[in-house]
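Data from final09.tsv: TSV, C-alpha atoms
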chain	number	residue	atom	x	y	z
A	1	MET	CA	10.05	-18.22	9.69
A	2	ARG	CA	7.28	-20.75	10.28
A	3	ASP	CA	6.07	-18.75	13.27
A	4	ILE	CA	5.95	-15.59	11.17
A	5	LEU	CA	3.96	-17.33	8.43
A	6	ASN	CA	1.53	-18.73	10.99
A	7	ILE	CA	0.97	-15.29	12.52
A	8	MET	CA	0.45	-13.79	9.05
A	9	ARG	CA	-2.14	-16.46	8.39
A	10	PHE	CA	-3.75	-15.65	11.73
A	11	ASP	CA	-3.92	-11.94	10.77
A	12	TYR	CA	-5.56	-12.88	7.48
A	13	LEU	CA	-8.14	-15.11	9.18
A	14	THR	CA	-8.85	-12.29	11.64
A	15	ALA	CA	-9.54	-9.74	8.90
A	16	LYS	CA	-11.19	-12.15	6.44
A	17	PRO	CA	-14.78	-12.03	7.78
A	18	LEU	CA	-14.79	-8.24	7.54
A	19	ALA	CA	-12.71	-7.80	4.40
A	20	LEU	CA	-13.18	-10.62	1.91
A	21	ALA	CA	-16.70	-9.73	0.72
A	22	GLY	CA	-15.76	-6.08	0.26
A	23	MET	CA	-12.62	-7.02	-1.64
A	24	ILE	CA	-14.48	-9.36	-3.98
A	25	PHE	CA	-17.08	-6.67	-4.66
A	26	THR	CA	-14.31	-4.16	-5.42
A	27	ILE	CA	-12.55	-6.57	-7.77
A	28	VAL	CA	-15.74	-7.26	-9.73
A	29	VAL	CA	-16.84	-3.63	-10.03
A	30	PHE	CA	-13.43	-2.10	-10.72
A	31	GLY	CA	-12.50	-4.98	-13.01
A	32	ILE	CA	-15.56	-4.44	-15.21
A	33	LEU	CA	-15.02	-0.68	-15.32
A	34	SER	CA	-11.38	-1.23	-16.25
A	35	MET	CA	-12.27	-3.58	-19.08
A	36	PHE	CA	-14.59	-1.08	-20.72
A	37	PHE	CA	-13.39	2.39	-19.75
A	38	SER	CA	-9.78	2.57	-18.53
A	39	PRO	CA	-7.14	0.18	-17.15
A	40	ILE	CA	-6.13	2.92	-14.72
A	41	ILE	CA	-9.39	2.37	-12.81
A	42	THR	CA	-7.96	-0.97	-11.68
A	43	THR	CA	-5.24	0.76	-9.66
A	44	TYR	CA	-7.83	2.22	-7.31
A	45	MET	CA	-8.39	-1.30	-6.00
A	46	THR	CA	-5.39	-0.52	-3.79
A	47	PHE	CA	-7.80	1.39	-1.55
A	48	ALA	CA	-9.50	-1.93	-0.80
A	49	SER	CA	-6.26	-3.32	0.64
A	50	MET	CA	-7.01	-1.41	3.82
A	51	LEU	CA	-9.95	-3.74	4.39
A	52	PHE	CA	-7.44	-6.44	5.33
A	53	VAL	CA	-5.37	-4.17	7.57
A	54	ILE	CA	-7.57	-1.70	9.43
A	55	PRO	CA	-9.81	-4.27	11.23
A	56	LEU	CA	-6.85	-6.11	12.75
A	57	GLN	CA	-6.14	-3.86	15.71
A	58	GLY	CA	-9.78	-3.28	16.61
A	59	VAL	CA	-10.56	-7.00	16.60
A	60	ALA	CA	-7.34	-7.78	18.45
A	61	ASP	CA	-8.04	-5.29	21.22
A	62	LYS	CA	-11.65	-6.39	21.60
A	63	SER	CA	-10.87	-10.11	21.67
A	64	GLY	CA	-7.56	-10.00	23.50
A	65	PHE	CA	-5.58	-11.41	20.59
A	66	ASN	CA	-2.65	-9.20	21.54
A	67	LYS	CA	-2.14	-11.42	24.61
A	68	LEU	CA	-1.73	-14.60	22.60
A	69	TYR	CA	2.05	-14.28	22.46
A	70	GLY	CA	2.08	-14.94	26.21
A	71	ILE	CA	0.23	-18.21	25.68
A	72	LEU	CA	1.51	-19.55	22.37
A	73	PRO	CA	5.14	-20.66	21.84
A	74	VAL	CA	5.82	-17.70	19.55
A	75	GLU	CA	8.51	-15.08	20.05
A	76	ARG	CA	7.02	-11.64	20.63
A	77	LYS	CA	9.26	-10.04	18.01
A	78	ASN	CA	8.01	-12.46	15.37
A	79	ILE	CA	4.43	-11.32	15.95
A	80	THR	CA	5.49	-7.74	15.20
A	81	ARG	CA	7.56	-8.75	12.19
A	82	ALA	CA	4.67	-10.81	10.84
A	83	ARG	CA	2.33	-7.81	10.95
A	84	PHE	CA	4.61	-5.71	8.74
A	85	LEU	CA	5.23	-8.56	6.30
A	86	TYR	CA	1.47	-9.12	6.21
A	87	ILE	CA	0.87	-5.45	5.33
A	88	PHE	CA	3.42	-5.70	2.52
A	89	LEU	CA	1.98	-8.98	1.23
A	90	VAL	CA	-1.60	-7.65	1.18
A	91	HIS	CA	-0.57	-4.66	-0.94
A	92	PHE	CA	1.78	-6.72	-3.11
A	93	LEU	CA	-0.87	-9.33	-3.95
A	94	THR	CA	-3.34	-6.55	-4.71
A	95	GLU	CA	-0.77	-5.03	-7.04
A	96	LEU	CA	-0.27	-8.36	-8.82
A	97	LEU	CA	-4.03	-8.78	-9.21
A	98	GLU	CA	-4.29	-5.27	-10.63
A	99	ALA	CA	-1.50	-6.07	-13.09
A	100	VAL	CA	-3.38	-9.16	-14.29
A	101	ILE	CA	-6.59	-7.18	-14.78
A	102	ILE	CA	-4.70	-4.41	-16.61
A	103	CYS	CA	-3.09	-6.90	-18.98
A	104	THR	CA	-6.46	-8.57	-19.56
A	105	ALA	CA	-8.17	-5.24	-20.23
A	106	LYS	CA	-5.50	-4.14	-22.69
A	107	GLY	CA	-5.52	-7.55	-24.38
A	108	THR	CA	-9.27	-7.88	-24.82
A	109	THR	CA	-10.01	-4.18	-25.64
A	110	LEU	CA	-13.69	-4.67	-24.82
A	111	TYR	CA	-14.24	-0.93	-25.11
A	112	LYS	CA	-14.44	-1.45	-28.87
A	113	ILE	CA	-17.91	-2.97	-28.49
A	114	LEU	CA	-19.27	0.21	-26.91
A	115	PRO	CA	-21.38	2.52	-29.09
A	116	ASN	CA	-20.32	5.89	-30.49
A	117	GLN	CA	-16.68	4.95	-31.07
A	118	ASN	CA	-15.96	8.33	-32.67
A	119	GLY	CA	-17.36	10.36	-29.78
A	120	GLU	CA	-15.23	12.53	-27.51
A	121	THR	CA	-15.68	10.24	-24.53
A	122	MET	CA	-14.59	7.18	-26.47
A	123	GLN	CA	-11.52	9.03	-27.72
A	124	MET	CA	-10.52	9.59	-24.10
A	125	VAL	CA	-11.11	5.91	-23.39
A	126	LYS	CA	-8.88	4.92	-26.31
A	127	GLU	CA	-6.14	7.26	-25.14
A	128	SER	CA	-6.31	5.75	-21.67
A	129	PHE	CA	-5.89	2.24	-23.07
A	130	ALA	CA	-2.96	3.41	-25.18
A	131	ASP	CA	-1.10	5.19	-22.36
A	132	THR	CA	0.62	2.18	-20.77
A	133	LYS	CA	3.28	4.25	-19.01
A	134	LEU	CA	0.70	6.28	-17.08
A	135	THR	CA	-1.11	3.09	-16.09
A	136	LEU	CA	2.11	1.57	-14.78
A	137	LEU	CA	2.97	4.78	-12.94
A	138	MET	CA	-0.39	4.66	-11.17
A	139	LEU	CA	-0.03	0.94	-10.47
A	140	PHE	CA	3.38	1.19	-8.81
A	141	GLY	CA	2.73	4.60	-7.29
A	142	MET	CA	-0.46	3.55	-5.51
A	143	PHE	CA	1.21	0.41	-4.18
A	144	THR	CA	4.22	2.33	-2.89
A	145	PHE	CA	2.23	5.13	-1.28
A	146	PHE	CA	-0.37	3.06	0.54
A	147	CYS	CA	1.97	0.28	1.62
A	148	LEU	CA	4.41	2.78	3.14
A	149	ILE	CA	1.62	4.78	4.78
A	150	PHE	CA	0.06	1.74	6.45
A	151	SER	CA	3.47	0.40	7.51
A	152	PHE	CA	4.44	3.75	9.00
A	153	MET	CA	1.14	4.11	10.85
A	154	GLU	CA	1.45	0.54	12.14
A	155	MET	CA	4.90	1.35	13.50
A	156	MET	CA	3.77	4.59	15.12
A	157	GLY	CA	0.59	3.00	16.48
A	158	GLN	CA	2.38	0.09	18.12
A	159	ILE	CA	5.16	2.22	19.58
A	160	PHE	CA	3.16	5.24	20.76
A	161	GLY	CA	-0.32	3.73	21.12
A	162	ARG	CA	-3.35	3.53	18.82
A	163	GLU	CA	-5.11	6.23	20.77
A	164	ASN	CA	-2.45	8.68	19.56
A	165	GLU	CA	-2.76	7.86	15.85
A	166	PHE	CA	-4.56	11.09	14.96
A	167	LYS	CA	-1.92	13.10	16.78
A	168	ILE	CA	0.78	11.13	14.96
A	169	ILE	CA	-0.85	11.88	11.59
A	170	MET	CA	-1.04	15.59	12.38
A	171	ILE	CA	2.58	15.70	13.54
A	172	ALA	CA	3.75	13.80	10.45
A	173	ILE	CA	1.83	16.10	8.09
A	174	GLY	CA	3.10	19.18	9.91
A	175	THR	CA	6.69	17.95	9.85
A	176	LEU	CA	6.57	17.13	6.14
A	177	SER	CA	4.95	20.47	5.36
A	178	LEU	CA	7.60	22.35	7.35
A	179	LEU	CA	10.42	20.45	5.66
A	180	ALA	CA	8.91	21.13	2.24
A	181	PHE	CA	8.60	24.85	3.06
A	182	VAL	CA	12.17	25.09	4.35
A	183	PHE	CA	13.54	23.18	1.37
A	184	THR	CA	11.62	25.38	-1.09
A	185	PHE	CA	12.71	28.58	0.69
A	186	LEU	CA	16.37	27.56	0.71
A	187	SER	CA	16.24	26.48	-2.95
A	188	GLU	CA	14.62	29.72	-4.10
A	189	HIS	CA	17.30	31.78	-2.31
A	190	ASP	CA	20.15	29.60	-3.66
A	191	LEU	CA	21.16	28.63	-0.13
A	192	ILE	CA	21.31	24.95	-1.09
A	193	PRO	CA	22.10	23.28	-4.40
A	194	VAL	CA	19.12	22.72	-6.69
A	195	VAL	CA	18.08	19.09	-6.53
A	196	LYS	CA	16.72	17.68	-9.75
A	197	LEU	CA	14.34	14.80	-9.38
A	198	PRO	CA	15.05	11.86	-11.66
A	199	SER	CA	12.82	11.77	-14.71
A	200	LEU	CA	10.47	8.89	-15.38
A	201	PRO	CA	11.62	6.19	-17.82
A	202	ASP	CA	10.62	6.79	-21.44
A	203	THR	CA	9.79	3.17	-22.18
A	204	VAL	CA	7.35	0.62	-20.83
A	205	SER	CA	10.21	-1.74	-19.97
A	206	GLY	CA	11.87	1.08	-18.05
A	207	MET	CA	8.67	1.67	-16.09
A	208	VAL	CA	8.42	-2.03	-15.26
A	209	THR	CA	12.03	-2.05	-14.06
A	210	SER	CA	11.39	1.02	-11.92
A	211	GLY	CA	8.30	-0.67	-10.49
A	212	ILE	CA	10.28	-3.78	-9.55
A	213	VAL	CA	12.87	-1.60	-7.84
A	214	ALA	CA	10.09	0.25	-5.99
A	215	ASN	CA	8.68	-3.07	-4.77
A	216	ILE	CA	12.07	-4.14	-3.45
A	217	VAL	CA	12.61	-0.80	-1.70
A	218	VAL	CA	9.16	-0.92	-0.09
A	219	PHE	CA	9.80	-4.49	1.06
A	220	VAL	CA	13.08	-3.46	2.71
A	221	ILE	CA	11.40	-0.46	4.39
A	222	CYS	CA	8.63	-2.69	5.75
A	223	LEU	CA	11.27	-5.02	7.18
A	224	LEU	CA	13.05	-2.03	8.71
A	225	PHE	CA	9.85	-0.66	10.25
A	226	GLY	CA	9.13	-4.12	11.63
A	227	GLU	CA	12.54	-4.42	13.26
A	228	ILE	CA	12.36	-0.92	14.74
A	229	THR	CA	8.93	-1.66	16.20
A	230	ALA	CA	9.92	-5.10	17.48
A	231	ASN	CA	13.00	-3.73	19.23
A	232	GLN	CA	11.09	-0.84	20.79
A	233	LEU	CA	8.38	-3.14	22.14
A	234	ALA	CA	10.97	-5.62	23.39
A	235	LYS	CA	12.56	-2.93	25.57
A	236	ARG	CA	9.26	-2.47	27.41
A	237	GLU	CA	9.20	-6.10	28.42
A	238	LEU	CA	12.66	-6.07	29.98
Could the structure of this file be written out as structure tokens, please?
Amino acid sequence: MRDILNIMRFDYLTAKPLALAGMIFTIVVFGILSMFFSPIITTYMTFASMLFVIPLQGVADKSGFNKLYGILPVERKNITRARFLYIFLVHFLTELLEAVIICTAKGTTLYKILPNQNGETMQMVKESFADTKLTLLMLFGMFTFFCLIFSFMEMMGQIFGRENEFKIIMIAIGTLSLLAFVFTFLSEHDLIPVVKLPSLPDTVSGMVTSGIVANIVVFVICLLFGEITANQLAKREL
């Protein structure tokens, strides 16, 4: 476990020079906008998480970091596992930060100091502050989507090569589109049972519980992706 934590720290230090300034800027700008206009704006900070992930491979390839496992006393599989845990941790910490800003925004209600409180725009702002369930849905939804996307692309990139990432994206989109079309066609012609998606919780506490479950599921999937990737890469070294 210590090796994994050290590699995660190494990934962070690798991305830090390129990512930290951009992340701080995003936090300040989105945080201010959230305080005055809508807590939902905070959830778009998830986009900035990619600043700590995307530079890793480019810097590693350019500097030869991917050869370190042959020099350092670190198991090759642990390097792969660390990358997926790092991706999860980056998105999870961003989610926690967003949650803190959302709670602060809803607690301070600074939008009340803005002029024209009875105007149409301000009514929309008030509704946004009041709709906690939608804010939580965006918070957990953005975390789940982006964390899974980056984990999946990391797995595909390491197994099939970074140069094939665009092809992988196109194949994945095409496959999902085909499956959606087939599922819709079969459902409309009563060839398969109608599947009803579970409805969202009606309460804030229910949304929080669902969010915690989503975090656990995403964590398990990241671990699974990491193990699949580590095993596939290990076979090449035999």
Identify the residues within 10 Å of coordinate (2.5, -11.5, 11.5) (same frame as the file), considering only C-alpha atoms, and give the answer as a VMD selection string. chain A and resid 3 to 12 77 to 87 226
Please report as a tab-separated table every residue of segment 116-160 of chain A lying within 12 Å of segment 26-35 of chain A, along with the nearest atom pair and their distance in Å (one decimal), using all atoms listed in the file.
residue	atom	partner	partner_atom	distance
A:Val125	CA	A:Ser34	CA	10.1
A:Lys126	CA	A:Met35	CA	11.7
A:Ser128	CA	A:Ser34	CA	10.2
A:Phe129	CA	A:Ser34	CA	9.4
A:Thr135	CA	A:Ser34	CA	11.1
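Comparing the minimum interatomic distances between Gly206 of chain A and each of A:Ala180, A:Met155, A:Leu137, A:Ala48, counting all atoms listed in the file, we find that A:Leu137 sits nearest.
The space separating atom CA of Thr104 of chain A from atom CA of Ser49 of chain A comes to 20.9 Å.
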For Phe143 of chain A, the nearest of the candidates A:Leu93, A:Leu176, A:Leu56, A:Ile228, counting all atoms listed in the file: A:Leu93
May I have the protein, DNA and RNA residues with any atom at most 12 Å from the point (-6.7, 3.9, -28.2), counting only C-alpha atoms, written as an MDAnalysis selection string? chainID A and resid 36:39 106 109:112 117:118 121:132
Please determine, counting all atoms listed in the file, which residue among A:Ile40, A:Met50, A:Ile169, A:Cys222 has the shortest atom-to-atom distance to Gly22 of chain A. A:Met50
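What separates atom CA of Val53 of chain A from atom CA of Ile101 of chain A is a distance of 22.6 Å.
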Any idea what's packed within 10 Å of Phe140 of chain A, counting all atoms listed in the file, ignoring anything in its chain fewer than 6 positions away? Could you give it as a VMD selection string? chain A and resid 43 92 95 99 207 to 208 210 to 215
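Taking only C-alpha atoms into account, Glu98 of chain A lies nearest to A:Leu136 out of the set A:Ile159, A:Ile168, A:Leu136, A:Ile216.
Using all atoms listed in the file, the shortest contact distance between Ile149 of chain A and any of A:Phe185, A:Tyr44, A:Phe225, A:Phe25 is found at A:Phe225.
As for atom CA of Ile221 of chain A and atom CA of Leu233 of chain A, they are spaced 18.2 Å apart.
Residue neighbourhood of Leu20 of chain A, excluding near-sequence residues (fewer than 4 positions): A:Ala15, A:Lys16, A:Ile24, A:Phe25, A:Leu51, A:Phe52, at 9 Å, using only C-alpha atoms.
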Could you save the residues just selected, with C-alpha atoms, as a short mmCIF file (atom, residue, chain, number, x, y, z; two decimals), in the coordinates of the input?
data_model
loop_
_atom_site.label_atom_id
_atom_site.label_comp_id
_atom_site.auth_asym_id
_atom_site.auth_seq_id
_atom_site.Cartn_x
_atom_site.Cartn_y
_atom_site.Cartn_z
CA ALA A 15 -9.54 -9.74 8.90
CA LYS A 16 -11.19 -12.15 6.44
CA ILE A 24 -14.48 -9.36 -3.98
CA PHE A 25 -17.08 -6.67 -4.66
CA LEU A 51 -9.95 -3.74 4.39
CA PHE A 52 -7.44 -6.44 5.33
#
Would you fill out segment 76-91 of chain A with N, CA, C and O atoms and return it as a JSON list (two decimals), in the coordinates of the input?
[["chain", "number", "residue", "atom", "x", "y", "z"],
["A", 76, "ARG", "N", 7.76, -12.90, 20.75],
["A", 76, "ARG", "CA", 7.02, -11.64, 20.63],
["A", 76, "ARG", "C", 7.47, -10.84, 19.42],
["A", 76, "ARG", "O", 6.65, -10.23, 18.72],
["A", 77, "LYS", "N", 8.76, -10.81, 19.15],
["A", 77, "LYS", "CA", 9.26, -10.04, 18.01],
["A", 77, "LYS", "C", 8.71, -10.57, 16.69],
["A", 77, "LYS", "O", 8.48, -9.80, 15.75],
["A", 78, "ASN", "N", 8.51, -11.88, 16.61],
["A", 78, "ASN", "CA", 8.01, -12.46, 15.37],
["A", 78, "ASN", "C", 6.58, -12.05, 15.08],
["A", 78, "ASN", "O", 6.16, -11.96, 13.92],
["A", 79, "ILE", "N", 5.80, -11.80, 16.14],
["A", 79, "ILE", "CA", 4.43, -11.32, 15.95],
["A", 79, "ILE", "C", 4.46, -9.94, 15.29],
["A", 79, "ILE", "O", 3.69, -9.65, 14.37],
["A", 80, "THR", "N", 5.36, -9.09, 15.77],
["A", 80, "THR", "CA", 5.49, -7.74, 15.20],
["A", 80, "THR", "C", 6.00, -7.81, 13.77],
["A", 80, "THR", "O", 5.47, -7.14, 12.88],
["A", 81, "ARG", "N", 7.02, -8.61, 13.54],
["A", 81, "ARG", "CA", 7.56, -8.75, 12.19],
["A", 81, "ARG", "C", 6.51, -9.27, 11.23],
["A", 81, "ARG", "O", 6.41, -8.82, 10.08],
["A", 82, "ALA", "N", 5.71, -10.22, 11.69],
["A", 82, "ALA", "CA", 4.67, -10.81, 10.84],
["A", 82, "ALA", "C", 3.65, -9.76, 10.40],
["A", 82, "ALA", "O", 3.17, -9.78, 9.27],
["A", 83, "ARG", "N", 3.32, -8.83, 11.30],
["A", 83, "ARG", "CA", 2.33, -7.81, 10.95],
["A", 83, "ARG", "C", 2.82, -6.94, 9.79],
["A", 83, "ARG", "O", 2.06, -6.62, 8.86],
["A", 84, "PHE", "N", 4.09, -6.57, 9.80],
["A", 84, "PHE", "CA", 4.61, -5.71, 8.74],
["A", 84, "PHE", "C", 4.77, -6.49, 7.42],
["A", 84, "PHE", "O", 4.53, -5.94, 6.34],
["A", 85, "LEU", "N", 5.16, -7.74, 7.51],
["A", 85, "LEU", "CA", 5.23, -8.56, 6.30],
["A", 85, "LEU", "C", 3.83, -8.80, 5.75],
["A", 85, "LEU", "O", 3.63, -8.85, 4.53],
["A", 86, "TYR", "N", 2.87, -8.94, 6.63],
["A", 86, "TYR", "CA", 1.47, -9.12, 6.21],
["A", 86, "TYR", "C", 0.98, -7.88, 5.47],
["A", 86, "TYR", "O", 0.33, -8.00, 4.42],
["A", 87, "ILE", "N", 1.28, -6.69, 5.99],
["A", 87, "ILE", "CA", 0.87, -5.45, 5.33],
["A", 87, "ILE", "C", 1.49, -5.37, 3.94],
["A", 87, "ILE", "O", 0.81, -5.02, 2.96],
["A", 88, "PHE", "N", 2.77, -5.71, 3.83],
["A", 88, "PHE", "CA", 3.42, -5.70, 2.52],
["A", 88, "PHE", "C", 2.76, -6.71, 1.59],
["A", 88, "PHE", "O", 2.47, -6.40, 0.42],
["A", 89, "LEU", "N", 2.52, -7.92, 2.08],
["A", 89, "LEU", "CA", 1.98, -8.98, 1.23],
["A", 89, "LEU", "C", 0.59, -8.63, 0.73],
["A", 89, "LEU", "O", 0.26, -8.90, -0.44],
["A", 90, "VAL", "N", -0.25, -8.04, 1.59],
["A", 90, "VAL", "CA", -1.60, -7.65, 1.18],
["A", 90, "VAL", "C", -1.53, -6.67, 0.01],
["A", 90, "VAL", "O", -2.24, -6.82, -1.00],
["A", 91, "HIS", "N", -0.68, -5.66, 0.13],
["A", 91, "HIS", "CA", -0.57, -4.66, -0.94],
["A", 91, "HIS", "C", 0.10, -5.25, -2.18],
["A", 91, "HIS", "O", -0.27, -4.91, -3.31]]
